$ cat entry-v9.pdb   # PDB, C-alpha atoms
MODEL        1
ATOM      1  CA  MET M 174     146.972  81.139  73.137
ATOM      2  CA  LYS M 175     144.258  80.971  75.786
ATOM      3  CA  THR M 176     143.058  84.212  77.350
ATOM      4  CA  GLU M 177     144.257  83.191  80.838
ATOM      5  CA  THR M 178     147.767  82.578  79.488
ATOM      6  CA  LEU M 179     147.739  85.940  77.726
ATOM      7  CA  LYS M 180     146.565  87.693  80.910
ATOM      8  CA  THR M 181     149.430  86.118  82.834
ATOM      9  CA  LEU M 182     151.854  87.182  80.111
ATOM     10  CA  MET M 183     150.530  90.777  80.222
ATOM     11  CA  GLY M 184     151.122  90.780  83.990
ATOM     12  CA  TYR M 185     154.679  89.574  83.495
ATOM     13  CA  VAL M 186     155.402  92.258  80.885
ATOM     14  CA  ALA M 187     154.013  94.971  83.196
ATOM     15  CA  GLY M 188     156.207  93.718  86.063
ATOM     16  CA  LEU M 189     159.258  93.491  83.833
ATOM     17  CA  ILE M 190     158.901  97.077  82.562
ATOM     18  CA  PHE M 191     158.262  98.272  86.132
ATOM     19  CA  GLY M 192     161.359  96.444  87.388
ATOM     20  CA  LEU M 193     163.479  97.838  84.556
ATOM     21  CA  GLY M 194     162.208 101.325  85.385
ATOM     22  CA  LEU M 195     163.134 100.970  89.061
ATOM     23  CA  ALA M 196     166.574  99.633  88.122
ATOM     24  CA  VAL M 197     167.388 102.234  85.437
ATOM     25  CA  SER M 198     166.341 105.050  87.755
ATOM     26  CA  GLY M 199     168.434 103.761  90.658
ATOM     27  CA  MET M 200     165.448 103.173  92.938
ATOM     28  CA  THR M 201     166.820  99.681  93.613
ATOM     29  CA  ASP M 202     169.365 101.472  95.822
ATOM     30  CA  PRO M 203     167.898 102.537  99.177
ATOM     31  CA  ALA M 204     170.565 105.258  99.297
ATOM     32  CA  ARG M 205     168.642 107.037  96.492
ATOM     33  CA  GLY M 206     165.410 106.979  98.460
ATOM     34  CA  LEU M 207     167.088 108.100 101.668
ATOM     35  CA  GLY M 208     169.061 110.779  99.780
ATOM     36  CA  PHE M 209     165.779 112.233  98.520
ATOM     37  CA  LEU M 210     164.119 112.107 101.935
ATOM     38  CA  ASP M 211     167.117 113.805 103.586
ATOM     39  CA  LEU M 212     166.249 117.397 102.748
ATOM     40  CA  PHE M 213     168.883 118.655 105.148
ATOM     41  CA  GLY M 214     171.794 116.568 103.857
ATOM     42  CA  GLY M 215     173.100 116.567 100.269
ATOM     43  CA  TRP M 216     169.635 116.430  98.727
ATOM     44  CA  ASP M 217     169.382 113.752  95.988
ATOM     45  CA  THR M 218     166.599 114.840  93.641
ATOM     46  CA  THR M 219     166.593 111.648  91.517
ATOM     47  CA  LEU M 220     163.372 110.298  93.064
ATOM     48  CA  MET M 221     161.543 113.503  92.153
ATOM     49  CA  PHE M 222     162.347 112.889  88.476
ATOM     50  CA  VAL M 223     161.254 109.250  88.776
ATOM     51  CA  LEU M 224     157.893 110.102  90.354
ATOM     52  CA  GLY M 225     157.381 113.080  88.017
ATOM     53  CA  GLY M 226     158.220 111.061  84.890
ATOM     54  CA  ALA M 227     155.965 108.197  86.000
ATOM     55  CA  VAL M 228     152.972 110.390  86.927
ATOM     56  CA  VAL M 229     153.070 112.511  83.745
ATOM     57  CA  THR M 230     153.482 109.426  81.517
ATOM     58  CA  ASN M 231     150.722 107.518  83.283
ATOM     59  CA  PHE M 232     148.425 110.570  83.424
ATOM     60  CA  ILE M 233     148.564 110.727  79.619
ATOM     61  CA  GLY M 234     148.373 106.921  79.387
ATOM     62  CA  TYR M 235     145.277 106.659  81.594
ATOM     63  CA  ARG M 236     143.585 109.461  79.586
ATOM     64  CA  LEU M 237     143.975 107.400  76.410
ATOM     65  CA  VAL M 238     143.233 103.993  77.925
ATOM     66  CA  LEU M 239     140.221 104.848  80.096
ATOM     67  CA  LYS M 240     138.340 106.222  77.064
ATOM     68  CA  ARG M 241     137.940 102.652  75.900
ATOM     69  CA  PRO M 242     134.931 100.624  77.095
ATOM     70  CA  HIS M 243     137.021  97.941  78.833
ATOM     71  CA  PRO M 244     140.575  96.608  79.087
ATOM     72  CA  VAL M 245     141.826  94.315  76.303
ATOM     73  CA  PHE M 246     141.694  91.219  78.542
ATOM     74  CA  GLY M 247     138.981  92.128  81.033
ATOM     75  CA  GLU M 248     135.357  93.132  81.419
ATOM     76  CA  ARG M 249     135.923  96.414  83.231
ATOM     77  CA  PHE M 250     138.556  98.782  84.567
ATOM     78  CA  GLN M 251     138.923  98.107  88.295
ATOM     79  CA  LEU M 252     139.390 101.589  89.734
ATOM     80  CA  PRO M 253     139.127 102.567  93.408
ATOM     81  CA  THR M 254     135.790 104.246  94.133
ATOM     82  CA  ARG M 255     136.288 105.506  97.701
ATOM     83  CA  THR M 256     136.669 109.241  98.179
ATOM     84  CA  ASP M 257     136.532 109.602 101.985
ATOM     85  CA  LEU M 258     139.566 110.421 104.106
ATOM     86  CA  ASP M 259     139.727 108.181 107.180
ATOM     87  CA  GLY M 260     142.141 107.326 109.965
ATOM     88  CA  ARG M 261     143.074 104.044 108.348
ATOM     89  CA  LEU M 262     144.298 105.821 105.200
ATOM     90  CA  ILE M 263     146.191 108.591 106.986
ATOM     91  CA  GLY M 264     147.487 106.487 109.904
ATOM     92  CA  GLY M 265     148.548 103.733 107.507
ATOM     93  CA  ALA M 266     150.344 106.191 105.231
ATOM     94  CA  ALA M 267     152.159 107.680 108.254
ATOM     95  CA  LEU M 268     153.331 104.227 109.464
ATOM     96  CA  PHE M 269     154.475 103.378 105.938
ATOM     97  CA  GLY M 270     156.407 106.675 105.762
ATOM     98  CA  ILE M 271     158.255 105.897 109.003
ATOM     99  CA  GLY M 272     159.224 102.439 107.697
ATOM    100  CA  TRP M 273     160.316 103.938 104.382
ATOM    101  CA  GLY M 274     162.390 106.573 106.185
ATOM    102  CA  LEU M 275     164.086 103.942 108.361
ATOM    103  CA  SER M 276     165.036 101.644 105.480
ATOM    104  CA  GLY M 277     164.957 103.643 102.241
ATOM    105  CA  TYR M 278     162.842 100.854 100.713
ATOM    106  CA  CYS M 279     159.233 101.105  99.646
ATOM    107  CA  PRO M 280     157.561  97.837  98.567
ATOM    108  CA  GLY M 281     158.423  98.065  94.826
ATOM    109  CA  PRO M 282     162.178  98.568  95.188
ATOM    110  CA  ALA M 283     162.350  96.056  98.068
ATOM    111  CA  PHE M 284     160.830  93.211  96.013
ATOM    112  CA  ALA M 285     162.625  94.313  92.820
ATOM    113  CA  SER M 286     165.950  93.931  94.668
ATOM    114  CA  ILE M 287     165.490  90.195  95.291
ATOM    115  CA  GLY M 288     168.052  89.560  92.502
ATOM    116  CA  GLY M 289     170.676  90.971  94.885
ATOM    117  CA  LEU M 290     169.189  89.499  98.032
ATOM    118  CA  THR M 291     170.910  90.173 101.359
ATOM    119  CA  LEU M 292     169.932  88.987 104.844
ATOM    120  CA  PRO M 293     168.665  92.445 105.962
ATOM    121  CA  LEU M 294     166.532  92.731 102.802
ATOM    122  CA  LEU M 295     165.115  89.240 103.353
ATOM    123  CA  ALA M 296     164.249  90.239 106.936
ATOM    124  CA  MET M 297     162.435  93.311 105.636
ATOM    125  CA  LEU M 298     160.458  91.339 103.041
ATOM    126  CA  VAL M 299     159.338  88.729 105.594
ATOM    127  CA  ALA M 300     158.345  91.448 108.083
ATOM    128  CA  MET M 301     156.448  93.287 105.330
ATOM    129  CA  VAL M 302     154.369  90.176 104.618
ATOM    130  CA  VAL M 303     153.669  89.818 108.355
ATOM    131  CA  GLY M 304     152.572  93.480 108.341
ATOM    132  CA  TRP M 305     150.186  92.807 105.448
ATOM    133  CA  PHE M 306     148.592  89.919 107.356
ATOM    134  CA  LEU M 307     148.305  92.138 110.481
ATOM    135  CA  ALA M 308     146.617  94.922 108.473
ATOM    136  CA  ARG M 309     144.092  92.397 107.203
ATOM    137  CA  ALA M 310     143.383  91.300 110.785
ATOM    138  CA  ILE M 311     142.558  94.873 111.854
ATOM    139  CA  PRO M 312     138.909  95.354 110.892
ATOM    140  CA  ALA M 313     137.770  98.568 109.218
ATOM    141  CA  ARG M 314     135.414 100.573 111.427
ATOM    142  CA  GLY M 315     131.869 101.380 110.405
TER     143      GLY M 315
ATOM    144  CA  MET N 215     171.914 118.593  91.024
ATOM    145  CA  ASP N 216     173.355 115.510  89.343
ATOM    146  CA  TRP N 217     172.028 115.691  85.780
ATOM    147  CA  SER N 218     173.057 112.209  84.692
ATOM    148  CA  SER N 219     171.273 110.712  87.683
ATOM    149  CA  SER N 220     168.245 112.939  87.097
ATOM    150  CA  LEU N 221     168.028 111.824  83.457
ATOM    151  CA  GLN N 222     168.231 108.167  84.450
ATOM    152  CA  GLY N 223     165.532 108.864  87.025
ATOM    153  CA  LEU N 224     163.341 110.452  84.354
ATOM    154  CA  ALA N 225     163.926 107.539  81.943
ATOM    155  CA  GLY N 226     163.114 104.994  84.657
ATOM    156  CA  GLY N 227     160.080 107.004  85.724
ATOM    157  CA  ILE N 228     158.734 106.988  82.165
ATOM    158  CA  LEU N 229     159.147 103.185  82.079
ATOM    159  CA  ILE N 230     157.241 102.900  85.383
ATOM    160  CA  GLY N 231     154.471 105.113  83.965
ATOM    161  CA  LEU N 232     154.316 102.970  80.805
ATOM    162  CA  SER N 233     154.066  99.839  82.956
ATOM    163  CA  ALA N 234     151.140 101.311  84.904
ATOM    164  CA  THR N 235     149.375 102.317  81.663
ATOM    165  CA  TRP N 236     150.050  98.862  80.184
ATOM    166  CA  LEU N 237     148.532  97.079  83.187
ATOM    167  CA  MET N 238     145.408  99.263  83.008
ATOM    168  CA  ALA N 239     145.096  98.834  79.229
ATOM    169  CA  THR N 240     145.474  95.052  79.266
ATOM    170  CA  LEU N 241     144.034  93.866  82.592
ATOM    171  CA  GLY N 242     142.245  96.972  83.889
ATOM    172  CA  ARG N 243     144.308  97.001  87.077
ATOM    173  CA  ILE N 244     146.081  99.642  89.170
ATOM    174  CA  ALA N 245     149.854  99.070  89.252
ATOM    175  CA  GLY N 246     150.232  99.278  93.022
ATOM    176  CA  ILE N 247     153.004  97.008  94.249
ATOM    177  CA  SER N 248     151.747  96.591  97.833
ATOM    178  CA  GLY N 249     148.273  95.756  96.503
ATOM    179  CA  ILE N 250     149.456  93.327  93.830
ATOM    180  CA  ILE N 251     151.922  91.410  96.023
ATOM    181  CA  GLY N 252     149.976  91.835  99.291
ATOM    182  CA  ASN N 253     146.847  90.344  97.733
ATOM    183  CA  LEU N 254     148.872  87.606  96.053
ATOM    184  CA  ILE N 255     150.118  86.459  99.456
ATOM    185  CA  THR N 256     147.356  87.321 101.938
ATOM    186  CA  ALA N 257     144.025  87.293 100.043
ATOM    187  CA  ARG N 258     141.590  84.509 101.022
ATOM    188  CA  PRO N 259     139.979  82.918  99.150
ATOM    189  CA  ARG N 260     142.739  82.842  96.595
ATOM    190  CA  GLY N 261     141.896  83.823  93.095
ATOM    191  CA  ASP N 262     143.318  86.029  90.459
ATOM    192  CA  SER N 263     146.811  84.955  91.521
ATOM    193  CA  ALA N 264     148.358  84.101  88.147
ATOM    194  CA  TRP N 265     148.863  87.623  86.817
ATOM    195  CA  ARG N 266     149.933  88.876  90.275
ATOM    196  CA  LEU N 267     152.607  86.180  90.558
ATOM    197  CA  ALA N 268     153.688  86.875  86.956
ATOM    198  CA  PHE N 269     153.946  90.607  87.768
ATOM    199  CA  LEU N 270     156.136  89.846  90.813
ATOM    200  CA  LEU N 271     158.411  87.597  88.731
ATOM    201  CA  GLY N 272     158.652  90.336  86.089
ATOM    202  CA  LEU N 273     159.444  92.924  88.762
ATOM    203  CA  ILE N 274     162.292  90.760  90.066
ATOM    204  CA  SER N 275     163.599  89.953  86.597
ATOM    205  CA  GLY N 276     163.756  93.609  85.449
ATOM    206  CA  PRO N 277     166.873  94.521  87.467
ATOM    207  CA  VAL N 278     168.380  91.060  86.767
ATOM    208  CA  VAL N 279     167.982  91.626  83.017
ATOM    209  CA  LEU N 280     169.687  95.006  83.389
ATOM    210  CA  MET N 281     172.576  93.373  85.271
ATOM    211  CA  LEU N 282     172.949  90.673  82.602
ATOM    212  CA  LEU N 283     172.964  93.308  79.843
ATOM    213  CA  GLY N 284     175.960  94.900  81.551
ATOM    214  CA  GLY N 285     177.196  98.275  80.375
ATOM    215  CA  GLY N 286     176.668 100.019  83.694
ATOM    216  CA  LEU N 287     173.036 100.947  83.096
ATOM    217  CA  GLY N 288     172.177 100.985  86.787
ATOM    218  CA  ASN N 289     172.111 104.108  88.919
ATOM    219  CA  VAL N 290     173.263 103.057  92.376
ATOM    220  CA  ALA N 291     174.280 106.081  94.449
ATOM    221  CA  GLY N 292     176.931 104.377  96.560
ATOM    222  CA  SER N 293     179.891 106.244  97.936
ATOM    223  CA  GLY N 294     182.813 105.176  95.744
ATOM    224  CA  VAL N 295     183.694 105.155  92.042
ATOM    225  CA  ASP N 296     183.639 101.346  92.015
ATOM    226  CA  VAL N 297     179.837 101.149  92.311
ATOM    227  CA  THR N 298     179.035 103.498  89.400
ATOM    228  CA  GLY N 299     176.504 101.842  87.121
ATOM    229  CA  GLU N 300     175.665  99.012  89.491
ATOM    230  CA  VAL N 301     172.031  97.966  89.512
ATOM    231  CA  ILE N 302     171.084  96.865  93.033
ATOM    232  CA  GLY N 303     172.217  98.746  96.140
ATOM    233  CA  GLN N 304     172.870  97.559  99.664
ATOM    234  CA  PRO N 305     170.429  97.836 102.598
ATOM    235  CA  ALA N 306     171.030 100.820 104.842
ATOM    236  CA  GLY N 307     170.743  98.878 108.088
ATOM    237  CA  GLY N 308     171.059  95.484 109.722
ATOM    238  CA  VAL N 309     168.437  92.822 110.364
ATOM    239  CA  PRO N 310     166.755  94.390 113.459
ATOM    240  CA  LEU N 311     166.233  97.786 111.782
ATOM    241  CA  MET N 312     164.974  96.141 108.608
ATOM    242  CA  LEU N 313     162.550  93.922 110.532
ATOM    243  CA  LEU N 314     161.044  97.000 112.164
ATOM    244  CA  ALA N 315     160.959  98.917 108.881
ATOM    245  CA  GLY N 316     159.394  95.990 107.033
ATOM    246  CA  LEU N 317     156.678  95.575 109.640
ATOM    247  CA  LEU N 318     155.823  99.299 109.443
ATOM    248  CA  VAL N 319     155.835  99.297 105.635
ATOM    249  CA  GLY N 320     153.624  96.185 105.477
ATOM    250  CA  LEU N 321     151.186  97.317 108.146
ATOM    251  CA  GLY N 322     151.109 100.897 106.844
ATOM    252  CA  THR N 323     150.576 100.062 103.169
ATOM    253  CA  GLY N 324     148.016  97.417 104.169
ATOM    254  CA  LEU N 325     145.982  99.823 106.309
ATOM    255  CA  GLY N 326     146.468 102.771 103.948
ATOM    256  CA  SER N 327     145.686 100.686 100.839
ATOM    257  CA  GLY N 328     148.762 101.618  98.880
ATOM    258  CA  CYS N 329     152.361 102.701  98.598
ATOM    259  CA  THR N 330     154.480 104.941  96.360
ATOM    260  CA  SER N 331     153.244 103.171  93.217
ATOM    261  CA  GLY N 332     149.542 102.713  94.009
ATOM    262  CA  HIS N 333     148.942 106.097  95.650
ATOM    263  CA  GLY N 334     151.942 107.984  94.248
ATOM    264  CA  VAL N 335     152.128 106.967  90.587
ATOM    265  CA  CYS N 336     148.624 105.620  89.835
ATOM    266  CA  GLY N 337     146.544 107.650  92.287
ATOM    267  CA  LEU N 338     148.112 111.002  91.404
ATOM    268  CA  SER N 339     147.651 110.179  87.691
ATOM    269  CA  ARG N 340     143.923 109.754  88.403
ATOM    270  CA  LEU N 341     143.875 113.015  90.394
ATOM    271  CA  SER N 342     142.594 111.058  93.421
ATOM    272  CA  VAL N 343     142.301 113.181  96.571
ATOM    273  CA  ARG N 344     142.722 110.115  98.820
ATOM    274  CA  SER N 345     145.970 109.268  97.041
ATOM    275  CA  LEU N 346     147.211 112.865  97.210
ATOM    276  CA  VAL N 347     146.581 112.959 100.977
ATOM    277  CA  ALA N 348     148.234 109.543 101.432
ATOM    278  CA  THR N 349     151.254 110.547  99.326
ATOM    279  CA  ILE N 350     151.791 113.814 101.207
ATOM    280  CA  THR N 351     151.384 111.954 104.525
ATOM    281  CA  PHE N 352     153.937 109.235 103.821
ATOM    282  CA  LEU N 353     156.409 111.680 102.275
ATOM    283  CA  VAL N 354     156.221 113.985 105.304
ATOM    284  CA  ALA N 355     156.472 111.031 107.739
ATOM    285  CA  ALA N 356     159.485 109.665 105.841
ATOM    286  CA  VAL N 357     161.256 113.059 105.712
ATOM    287  CA  ILE N 358     160.731 113.537 109.461
ATOM    288  CA  THR N 359     161.986 109.994 110.158
ATOM    289  CA  VAL N 360     165.160 110.529 108.121
ATOM    290  CA  PHE N 361     165.704 113.892 109.818
ATOM    291  CA  VAL N 362     165.383 112.340 113.284
ATOM    292  CA  VAL N 363     167.617 109.369 112.435
ATOM    293  CA  ARG N 364     170.347 111.286 110.589
ATOM    294  CA  HIS N 365     170.395 114.695 112.230
ATOM    295  CA  MET N 366     169.025 114.258 115.744
ATOM    296  CA  ILE N 367     170.111 110.776 116.775
ATOM    297  CA  GLY N 368     173.049 110.935 114.358
ATOM    298  CA  GLY N 369     174.695 107.892 112.812
ATOM    299  CA  GLY N 370     172.565 104.882 111.933
ATOM    300  CA  ALA N 371     170.943 104.948 108.530
TER     301      ALA N 371
ENDMDL
END
$ encode --input "entry-v9.pdb" --output "structure tokens"
Amino acid sequence: MKTETLKTLMGYVAGLIFGLGLAVSGMTDPARGLGFLDLFGGWDTTLMFVLGGAVVTNFIGYRLVLKRPHPVFGERFQLPTRTDLDGRLIGGAALFGIGWGLSGYCPGPAFASIGGLTLPLLAMLVAMVVGWFLARAIPARG
Amino acid sequence: MDWSSSLQGLAGGILIGLSATWLMATLGRIAGISGIIGNLITARPRGDSAWRLAFLLGLISGPVVLMLLGGGLGNVAGSGVDVTGEVIGQPAGGVPLMLLAGLLVGLGTGLGSGCTSGHGVCGLSRLSVRSLVATITFLVAAVITVFVVRHMIGGGA
């Protein structure tokens, strides 16, 4: 198989495992997200286990993988290099949090739920894409 | 605490972590959903789209595969016994609320360069300070939003 085909296949496998993980954990139900965020209702701790399990697994995984000189199908590991804290990062994260709190969906679960598409979910996905275009149109300062 | 739900959460979380490690090991990329899909749709000039599109198709097919397998492997919270084991839940609001939420999520993750997966899962695994600050910020903003909607305005989501 050609390298490009293999790269595409690796991307599919990563997406598939990610989607299975979201589905098994119940993150494809916005009620789980909202239940976690509602500290003052009947607190649903499921999301904490999801995030904890993912971070610990990936922390160990990255330790092993990043020791290698380069990825199997690439020249270099493409890691973020910025370390500064700016308004774009913090303001953006705050806006995202409000949207997440209103809907219970973050981007992963929203797109992973397309298999059970409803009109409100479709509206959210379209608006999210519009938001991505808007963010691109707002130039970074400096 | 609901232990069966917590265990499913842990199992799913481990799968998500394995996916992120897999993507770094094979393609050298961060498994951030808003970055992968956002760049697939909005990046100009286009390039590098094949693996992003494949990732999106995989992401969509994961829950579908779980539904086809049957056996109630999902973990939908729901409110009645009849939804136990279902895979995909229902939106918490109608079209207007979801339009607003979607716009905020898109704009916010675009400006802040990441969401729960990019900053939360991958960034925290790399001990990135930017990702830690972003994660705390969106968690706090989301908790406040849910508090206002559920306990101050009442009703709604």
$ residues_around --input "entry-v9.pdb" --residues "Leu290 (chain M)" --least-positions-apart "6" --cutoff "12 Å" --atoms "only C-alpha atoms" --output "ChimeraX atom specification"
/M:201,282-284,296-298 /N:274,277-278,302-305
$ residues_around --input "entry-v9.pdb" --residues "region 186-194 of chain M" --least-positions-apart "6" --cutoff "9 Å" --atoms "only C-alpha atoms" --output "tab-separated table (two decimals) with C-alpha atoms, in the coordinates of the input"
chain	number	residue	atom	x	y	z
M	200	MET	CA	165.45	103.17	92.94
M	201	THR	CA	166.82	99.68	93.61
M	223	VAL	CA	161.25	109.25	88.78
M	281	GLY	CA	158.42	98.06	94.83
M	282	PRO	CA	162.18	98.57	95.19
M	285	ALA	CA	162.62	94.31	92.82
M	286	SER	CA	165.95	93.93	94.67
N	223	GLY	CA	165.53	108.86	87.02
N	225	ALA	CA	163.93	107.54	81.94
N	226	GLY	CA	163.11	104.99	84.66
N	227	GLY	CA	160.08	107.00	85.72
N	228	ILE	CA	158.73	106.99	82.16
N	229	LEU	CA	159.15	103.18	82.08
N	230	ILE	CA	157.24	102.90	85.38
N	231	GLY	CA	154.47	105.11	83.96
N	232	LEU	CA	154.32	102.97	80.81
N	233	SER	CA	154.07	99.84	82.96
N	234	ALA	CA	151.14	101.31	84.90
N	235	THR	CA	149.38	102.32	81.66
N	236	TRP	CA	150.05	98.86	80.18
N	237	LEU	CA	148.53	97.08	83.19
N	245	ALA	CA	149.85	99.07	89.25
N	266	ARG	CA	149.93	88.88	90.28
N	268	ALA	CA	153.69	86.88	86.96
N	269	PHE	CA	153.95	90.61	87.77
N	270	LEU	CA	156.14	89.85	90.81
N	271	LEU	CA	158.41	87.60	88.73
N	272	GLY	CA	158.65	90.34	86.09
N	273	LEU	CA	159.44	92.92	88.76
N	274	ILE	CA	162.29	90.76	90.07
N	275	SER	CA	163.60	89.95	86.60
N	276	GLY	CA	163.76	93.61	85.45
N	277	PRO	CA	166.87	94.52	87.47
N	278	VAL	CA	168.38	91.06	86.77
N	279	VAL	CA	167.98	91.63	83.02
N	280	LEU	CA	169.69	95.01	83.39
$ atom_distance --input "entry-v9.pdb" --atom1 "CA of Cys279 (chain M)" --atom2 "CA of Gly285 (chain N)"
26.5 Å
$ axis_aligned_box --input "entry-v9.pdb" --around "region 277-286 of chain N" --padding-each-side "3 Å" --output "JSON"
{"center_x": 172.0, "center_y": 95.3, "center_z": 83.7, "size_x": 16.3, "size_y": 15.3, "size_z": 13.6}
$ closest_residue --input "entry-v9.pdb" --among "M:Glu177, M:Gly206, M:Leu268, M:Leu237" --to "chain N" --atoms "only C-alpha atoms"
M:Leu268
$ atom_distance --input "entry-v9.pdb" --atom1 "CA of Ser345 (chain N)" --atom2 "CA of His333 (chain N)"
4.6 Å
$ resolve_selection --input "entry-v9.pdb" --expression "the PyMOL selection byres ((chain M and resi 253) around 12)" --output "PDB file with C-alpha atoms, keeping the file's coordinate frame"
ATOM      1  CA  PHE M 250     138.556  98.782  84.567  1.00  0.00           C
ATOM      2  CA  GLN M 251     138.923  98.107  88.295  1.00  0.00           C
ATOM      3  CA  LEU M 252     139.390 101.589  89.734  1.00  0.00           C
ATOM      4  CA  THR M 254     135.790 104.246  94.133  1.00  0.00           C
ATOM      5  CA  ARG M 255     136.288 105.506  97.701  1.00  0.00           C
ATOM      6  CA  THR M 256     136.669 109.241  98.179  1.00  0.00           C
ATOM      7  CA  ASP M 257     136.532 109.602 101.985  1.00  0.00           C
TER       8      ASP M 257
ATOM      9  CA  GLY N 242     142.245  96.972  83.889  1.00  0.00           C
ATOM     10  CA  ARG N 243     144.308  97.001  87.077  1.00  0.00           C
ATOM     11  CA  ILE N 244     146.081  99.642  89.170  1.00  0.00           C
ATOM     12  CA  GLY N 246     150.232  99.278  93.022  1.00  0.00           C
ATOM     13  CA  GLY N 249     148.273  95.756  96.503  1.00  0.00           C
ATOM     14  CA  SER N 327     145.686 100.686 100.839  1.00  0.00           C
ATOM     15  CA  GLY N 328     148.762 101.618  98.880  1.00  0.00           C
ATOM     16  CA  GLY N 332     149.542 102.713  94.009  1.00  0.00           C
ATOM     17  CA  HIS N 333     148.942 106.097  95.650  1.00  0.00           C
ATOM     18  CA  CYS N 336     148.624 105.620  89.835  1.00  0.00           C
ATOM     19  CA  GLY N 337     146.544 107.650  92.287  1.00  0.00           C
ATOM     20  CA  ARG N 340     143.923 109.754  88.403  1.00  0.00           C
ATOM     21  CA  LEU N 341     143.875 113.015  90.394  1.00  0.00           C
ATOM     22  CA  SER N 342     142.594 111.058  93.421  1.00  0.00           C
ATOM     23  CA  VAL N 343     142.301 113.181  96.571  1.00  0.00           C
ATOM     24  CA  ARG N 344     142.722 110.115  98.820  1.00  0.00           C
ATOM     25  CA  SER N 345     145.970 109.268  97.041  1.00  0.00           C
TER      26      SER N 345
END
$ residues_near_point --input "entry-v9.pdb" --point "(170.3, 91.6, 110.1)" --cutoff "9 Å" --atoms "all atoms listed in the file" --output "PyMOL selection string"
(chain M and resi 291-296) or (chain N and resi 307-313)
$ atom_distance --input "entry-v9.pdb" --atom1 "CA of Gly324 (chain N)" --atom2 "CA of Leu338 (chain N)"
18.6 Å
$ closest_residue --input "entry-v9.pdb" --among "N:Ser339, N:Asn253, N:Asn289, N:Ser248" --to "Gly326 (chain N)" --atoms "all atoms listed in the file"
N:Ser248
